[in-house]
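What follows is one structure encoded as structure tokens, with my remarks underneath.
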Amino acid sequence: MGISRLARLLGAALADVVSSMAQPGHDAEWAAPARMALALPDRLSEGEDMQVWHEALVELGRWAGPAASSKLRALPCRFLRGGHTAGFAALQALGPCDPACGTALLMAVDSLLDTATLQAAHARSALLTDRHADGCIASEAAAALWLQAAPDTRDATGRGLVLHPPALAAQATAHRRPQQDPEPGALQEVLRSALAHAGWQADNVGYTVSDFDGSTWRAMAQIPTRARMGPGWNPIDWEPAAVIGQVGAATGPVHWALAAQRLRHDARPPNSILSWALDEGTAAAAVALERTIGTEAPPHRRTPAHGHDTGAVATTYSARFLQNEKNG
């Protein structure tokens with residue numbers, strides 16, 4: 001089942017988190033998270049998920065020292081096994097966001113590149129080949145997200161990202177059914193629910209990030225769903241799977257980590273993102289991500305040397321919401 005491969009990927013992701021906690025702006029002696037959840041591929045058994053976790057902590061000890069691995073080893077970790085929606089389920093399993101609980105560690109890992117998994121995918125024509133243009137590009141990834149409970153969408157930098165409660169749903173038939181179009185009901189349900197959890201309307205969504213990769217069955221699920229979002233709904237689409245390939249159970253957290261990096265480094269960071277994923281089976285999931293607003297006055301903006309200003313910084317949806325709340 002490629003347990004060692006999964007453990008090495010997860011261990012490296014955890015080492016990155018520990019390293020970031022030691023950077024300026026963080027306490028040298030970081031506190032252990034109050035809650036932890038790990039999304040894993042559904043091909044693992046109950047005993048194998050614990051094996052992945054223990055081996056990943058060994059890898060973490062090699063990268064970051066035994067103190068780091070011992071701190072996490074002493075804490076309970078909840079395991080969620082599934083397909084592309086497993087990371088969303090792990091986020092939901094962390095429970096309600098309670099500021100009293102402090103921090104949480106959300107992790108996900110999957111590899112579609114071990115021999116057994118590749119052979120199984122090839123047997124069901126799920127890989128992109130000369131004969132099967134509708135397949136996917138198999139890949140692997142791990143993500144570890146250190147989450148801080150937030151009472152609202154304000155922070156000091158204005159470059160944070162808030163995860164609203166996720167939405168999950170399942171339907172009676174599988175999404176990937178060769179020679180048959182998928183039923184879009186589950187995807188439509190989770191998108192509506194994710195918007196409701198965030199208090200958004202469809203036109204508040206500026207960006208989407210999904211596991212769309214050009215496959216016909218994914219397109220046939222998304223086309224009617226997008227049409228139902230409204231006639232003018234046209235957000236900017238991010239499709240990481242078209243670049244890095246499909247990463248299975250790691251899909252959600254990997255996409256959110258990529259979104260956080262874009263938020264930090266883009267000249268015009270996104271304000272509102274709607275993330276979703278579809279399993280080959282019956283499950284669908286979605287979550288809204290919202291940029292925080294700064295609590296301090298922004299620095300003076302300088303006009304570029306070529307003499308053309310880049311335009312006013314767009315007001316975030318969260319800024320409008322908080323302003324309306326104050327006025328109300």
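Ordering of the structure tokens sets the chain letters (A, B, ...); residue numbers start at 1 within each chain; ligands are numbered from 1 in the order shown.
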
DSSP alpha helix (DSSP H) selection over segment 76-192 of chain A, as an MDAnalysis selection string: chainID A and resid 86:93 115:123 185:192

Would you export the selected residues with C-alpha atoms as an mmCIF file, in the first residue's frame, please?
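Result saved to selection-v2.cif:
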data_model
loop_
_atom_site.group_PDB
_atom_site.id
_atom_site.type_symbol
_atom_site.label_atom_id
_atom_site.label_comp_id
_atom_site.auth_asym_id
_atom_site.auth_seq_id
_atom_site.Cartn_x
_atom_site.Cartn_y
_atom_site.Cartn_z
ATOM 1 C CA ALA A 86 -11.005 13.272 2.694
ATOM 2 C CA GLY A 87 -9.253 16.547 3.534
ATOM 3 C CA PHE A 88 -12.600 18.337 3.752
ATOM 4 C CA ALA A 89 -13.858 15.606 6.085
ATOM 5 C CA ALA A 90 -10.723 15.996 8.231
ATOM 6 C CA LEU A 91 -11.362 19.743 8.482
ATOM 7 C CA GLN A 92 -14.931 19.032 9.567
ATOM 8 C CA ALA A 93 -13.679 16.473 12.105
ATOM 9 C CA THR A 115 2.907 0.276 -8.139
ATOM 10 C CA ALA A 116 -0.272 -1.255 -6.735
ATOM 11 C CA THR A 117 -2.225 2.008 -6.950
ATOM 12 C CA LEU A 118 -1.041 2.701 -10.496
ATOM 13 C CA GLN A 119 -1.995 -0.802 -11.591
ATOM 14 C CA ALA A 120 -5.469 -0.480 -10.073
ATOM 15 C CA ALA A 121 -6.007 2.910 -11.733
ATOM 16 C CA HIS A 122 -4.803 1.602 -15.092
ATOM 17 C CA ALA A 123 -7.151 -1.380 -14.845
ATOM 18 C CA GLY A 185 -26.691 16.777 -7.281
ATOM 19 C CA ALA A 186 -24.013 16.343 -4.606
ATOM 20 C CA LEU A 187 -21.774 19.051 -6.075
ATOM 21 C CA GLN A 188 -24.666 21.499 -6.320
ATOM 22 C CA GLU A 189 -25.600 20.782 -2.708
ATOM 23 C CA VAL A 190 -22.130 21.341 -1.260
ATOM 24 C CA LEU A 191 -21.552 24.563 -3.182
ATOM 25 C CA ARG A 192 -24.840 25.998 -1.910
#

What's around Gly214 of chain A at 9 Å? Count only C-alpha atoms, leave out sequence neighbours fewer than 4 positions away in its own chain, and write the answer as a ChimeraX atom specification. /A:134-136,218-219,242

Determine, counting only C-alpha atoms, which protein, DNA and RNA residues have an atom within 12 Å of an atom of Ala172 of chain A; residues of the same chain fewer than 6 positions away are not included. Present the result as a list in words. Pro182, Glu183, Pro184, Gly185, Ala186, Gly281, Thr282, Ala283 and Ala284 of chain A

Extract, using only C-alpha atoms, all DNA, RNA and protein residues at most 9 Å from Pro235 of chain A, discarding same-chain residues fewer than 2 positions from it, and format them as an MDAnalysis selection string. chainID A and resid 203 205:208 233 237 273

I need the residues from that last selection saved to file as a compact mmCIF listing (two decimals), in the first residue's frame (with all heavy atoms), if you can.
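Final output, selection-v4.txt:
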# COMPACT_ATOMS: atom_id res chain seq x y z
N ASP A 203 -22.18 35.70 -6.26
CA ASP A 203 -21.36 36.72 -6.89
C ASP A 203 -20.29 37.29 -5.97
O ASP A 203 -19.51 38.14 -6.38
CB ASP A 203 -22.23 37.86 -7.46
CG ASP A 203 -23.07 38.55 -6.40
OD1 ASP A 203 -22.94 38.19 -5.21
OD2 ASP A 203 -23.86 39.44 -6.75
N VAL A 205 -17.98 35.34 -4.88
CA VAL A 205 -16.85 34.45 -5.14
C VAL A 205 -15.98 35.04 -6.24
O VAL A 205 -16.43 35.21 -7.38
CB VAL A 205 -17.33 33.04 -5.55
CG1 VAL A 205 -16.14 32.13 -5.84
CG2 VAL A 205 -18.19 32.44 -4.45
N GLY A 206 -14.74 35.35 -5.90
CA GLY A 206 -13.83 35.89 -6.90
C GLY A 206 -13.00 34.83 -7.59
O GLY A 206 -12.64 34.97 -8.76
N TYR A 207 -12.69 33.73 -6.85
CA TYR A 207 -11.84 32.67 -7.39
C TYR A 207 -12.43 31.31 -6.99
O TYR A 207 -13.10 31.19 -5.97
CB TYR A 207 -10.42 32.76 -6.82
CG TYR A 207 -9.62 33.96 -7.28
CD1 TYR A 207 -9.84 35.21 -6.71
CD2 TYR A 207 -8.67 33.85 -8.28
CE1 TYR A 207 -9.12 36.33 -7.13
CE2 TYR A 207 -7.94 34.96 -8.70
CZ TYR A 207 -8.17 36.19 -8.12
OH TYR A 207 -7.46 37.28 -8.54
N THR A 208 -12.15 30.32 -7.81
CA THR A 208 -12.44 28.95 -7.43
C THR A 208 -11.15 28.15 -7.53
O THR A 208 -10.27 28.46 -8.33
CB THR A 208 -13.50 28.30 -8.34
OG1 THR A 208 -12.96 28.13 -9.67
CG2 THR A 208 -14.76 29.14 -8.42
N TRP A 233 -22.21 34.29 -13.32
CA TRP A 233 -21.18 33.75 -12.42
C TRP A 233 -19.95 33.37 -13.23
O TRP A 233 -19.97 32.44 -14.02
CB TRP A 233 -21.72 32.54 -11.66
CG TRP A 233 -20.92 32.22 -10.44
CD1 TRP A 233 -20.75 33.03 -9.36
CD2 TRP A 233 -20.20 31.02 -10.17
NE1 TRP A 233 -19.97 32.39 -8.41
CE2 TRP A 233 -19.62 31.17 -8.89
CE3 TRP A 233 -20.01 29.84 -10.88
CZ2 TRP A 233 -18.84 30.17 -8.30
CZ3 TRP A 233 -19.23 28.85 -10.29
CH2 TRP A 233 -18.65 29.01 -9.02
N ASP A 237 -10.76 30.73 -12.29
CA ASP A 237 -10.60 29.33 -11.91
C ASP A 237 -9.13 28.96 -11.75
O ASP A 237 -8.31 29.23 -12.64
CB ASP A 237 -11.23 28.40 -12.95
CG ASP A 237 -12.73 28.59 -13.05
OD1 ASP A 237 -13.38 28.80 -12.01
OD2 ASP A 237 -13.27 28.54 -14.18
N ILE A 273 -12.48 32.78 -2.09
CA ILE A 273 -12.19 31.58 -2.86
C ILE A 273 -13.20 30.50 -2.49
O ILE A 273 -13.48 30.29 -1.30
CB ILE A 273 -10.76 31.05 -2.57
CG1 ILE A 273 -9.71 32.15 -2.79
CG2 ILE A 273 -10.44 29.84 -3.44
CD1 ILE A 273 -8.35 31.79 -2.20

Length of the atom CA of Val52 of chain A to atom CA of Ala74 of chain A vector [Å]: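 Separation between atom CA of Val52 of chain A and atom CA of Ala74 of chain A: 15.8 Å.
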
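If you measure from each of A:Thr216, A:Thr251, A:Gln246, A:Ser45 to His132 of chain A using only C-alpha atoms, the closest one turns out to be A:Thr216.
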
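Residues within 8 Å of Leu106 of chain A, counting only C-alpha atoms and excluding same-chain residues fewer than 2 positions away, are Met36, Ala37, Leu38, Ala90, Leu91, Ala104, Ala108, Ala144, Leu145, Trp146, Leu147 and Pro253 of chain A.
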
Saved selection, atoms kept: C-alpha atoms, as a CSV table (one decimal), in the first residue's frame:
chain,number,residue,atom,x,y,z
A,36,MET,CA,-5.2,17.0,15.1
A,37,ALA,CA,-6.7,15.3,12.1
A,38,LEU,CA,-5.1,13.4,9.3
A,90,ALA,CA,-10.7,16.0,8.2
A,91,LEU,CA,-11.4,19.7,8.5
A,104,ALA,CA,-5.3,22.7,15.4
A,108,ALA,CA,-3.3,15.1,4.5
A,144,ALA,CA,0.2,20.1,7.0
A,145,LEU,CA,-1.7,23.2,8.0
A,146,TRP,CA,-1.3,24.9,11.3
A,147,LEU,CA,-4.7,26.5,12.0
A,253,PRO,CA,-5.4,20.8,2.2

Could you write out, as a PyMOL selection string, all the residues of segment 43-229 of chain A that DSSP marks as strand (DSSP E)? chain A and resi 78-82+103-111+140-148+154-155+161-163+167-170+207-210

Please measure the separation of atom CA of Ala56 of chain A and atom CA of Leu75 of chain A, giving the value in Å to one decimal.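 Answer for the atom CA of Ala56 of chain A to atom CA of Leu75 of chain A separation: 14.2 Å.
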
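Atom to atom, atom CA of Ala31 of chain A and atom CA of Ile3 of chain A stand 28.4 Å apart.
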
Report as a PyMOL selection string all protein, DNA and RNA residues lying within 8 Å of Leu163 of chain A, evaluated on only C-alpha atoms, omitting residues in the same chain fewer than 2 positions from it. chain A and resi 161+165+287-290

Could the residues in this selection be saved with all heavy atoms as a PDB file, in the first residue's frame?
ATOM      1  N   LEU A 161      -5.812  33.800   5.797  1.00  0.00           N
ATOM      2  CA  LEU A 161      -6.873  33.119   5.064  1.00  0.00           C
ATOM      3  C   LEU A 161      -7.743  32.368   6.064  1.00  0.00           C
ATOM      4  O   LEU A 161      -7.237  31.555   6.850  1.00  0.00           O
ATOM      5  CB  LEU A 161      -6.259  32.144   4.054  1.00  0.00           C
ATOM      6  CG  LEU A 161      -7.160  31.646   2.921  1.00  0.00           C
ATOM      7  CD1 LEU A 161      -7.667  32.811   2.088  1.00  0.00           C
ATOM      8  CD2 LEU A 161      -6.399  30.668   2.038  1.00  0.00           C
ATOM      9  N   PRO A 165     -16.648  26.777   7.691  1.00  0.00           N
ATOM     10  CA  PRO A 165     -17.010  25.365   7.834  1.00  0.00           C
ATOM     11  C   PRO A 165     -17.219  24.701   6.468  1.00  0.00           C
ATOM     12  O   PRO A 165     -17.835  25.289   5.567  1.00  0.00           O
ATOM     13  CB  PRO A 165     -18.325  25.417   8.625  1.00  0.00           C
ATOM     14  CG  PRO A 165     -18.241  26.700   9.390  1.00  0.00           C
ATOM     15  CD  PRO A 165     -17.534  27.657   8.477  1.00  0.00           C
ATOM     16  N   VAL A 287     -15.696  24.200   0.383  1.00  0.00           N
ATOM     17  CA  VAL A 287     -15.454  25.089   1.514  1.00  0.00           C
ATOM     18  C   VAL A 287     -15.130  26.473   0.973  1.00  0.00           C
ATOM     19  O   VAL A 287     -14.539  26.613  -0.104  1.00  0.00           O
ATOM     20  CB  VAL A 287     -14.310  24.562   2.405  1.00  0.00           C
ATOM     21  CG1 VAL A 287     -12.973  24.614   1.679  1.00  0.00           C
ATOM     22  CG2 VAL A 287     -14.231  25.334   3.715  1.00  0.00           C
ATOM     23  N   ALA A 288     -15.535  27.495   1.699  1.00  0.00           N
ATOM     24  CA  ALA A 288     -15.223  28.874   1.329  1.00  0.00           C
ATOM     25  C   ALA A 288     -14.006  29.343   2.117  1.00  0.00           C
ATOM     26  O   ALA A 288     -13.883  29.075   3.317  1.00  0.00           O
ATOM     27  CB  ALA A 288     -16.415  29.782   1.617  1.00  0.00           C
ATOM     28  N   LEU A 289     -13.103  30.039   1.441  1.00  0.00           N
ATOM     29  CA  LEU A 289     -11.910  30.612   2.055  1.00  0.00           C
ATOM     30  C   LEU A 289     -11.944  32.116   1.842  1.00  0.00           C
ATOM     31  O   LEU A 289     -12.211  32.588   0.740  1.00  0.00           O
ATOM     32  CB  LEU A 289     -10.631  30.032   1.446  1.00  0.00           C
ATOM     33  CG  LEU A 289     -10.416  28.518   1.570  1.00  0.00           C
ATOM     34  CD1 LEU A 289     -11.004  27.796   0.358  1.00  0.00           C
ATOM     35  CD2 LEU A 289      -8.936  28.192   1.689  1.00  0.00           C
ATOM     36  N   GLU A 290     -11.667  32.864   2.895  1.00  0.00           N
ATOM     37  CA  GLU A 290     -11.821  34.312   2.845  1.00  0.00           C
ATOM     38  C   GLU A 290     -10.568  35.014   3.343  1.00  0.00           C
ATOM     39  O   GLU A 290     -10.011  34.659   4.388  1.00  0.00           O
ATOM     40  CB  GLU A 290     -13.023  34.715   3.704  1.00  0.00           C
ATOM     41  CG  GLU A 290     -13.371  36.181   3.636  1.00  0.00           C
ATOM     42  CD  GLU A 290     -14.704  36.458   4.309  1.00  0.00           C
ATOM     43  OE1 GLU A 290     -15.389  35.498   4.729  1.00  0.00           O
ATOM     44  OE2 GLU A 290     -15.066  37.645   4.411  1.00  0.00           O
TER      45      GLU A 290
END

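In terms of minimum interatomic distance to Arg159 of chain A, A:Arg262 ranks closest within A:Arg262, A:His197, A:His175, A:Lys71, counting only C-alpha atoms.
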
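Taking only C-alpha atoms into account, Gly199 of chain A lies nearest to A:His164 out of the set A:Leu128, A:Pro231, A:His164, A:Arg176.
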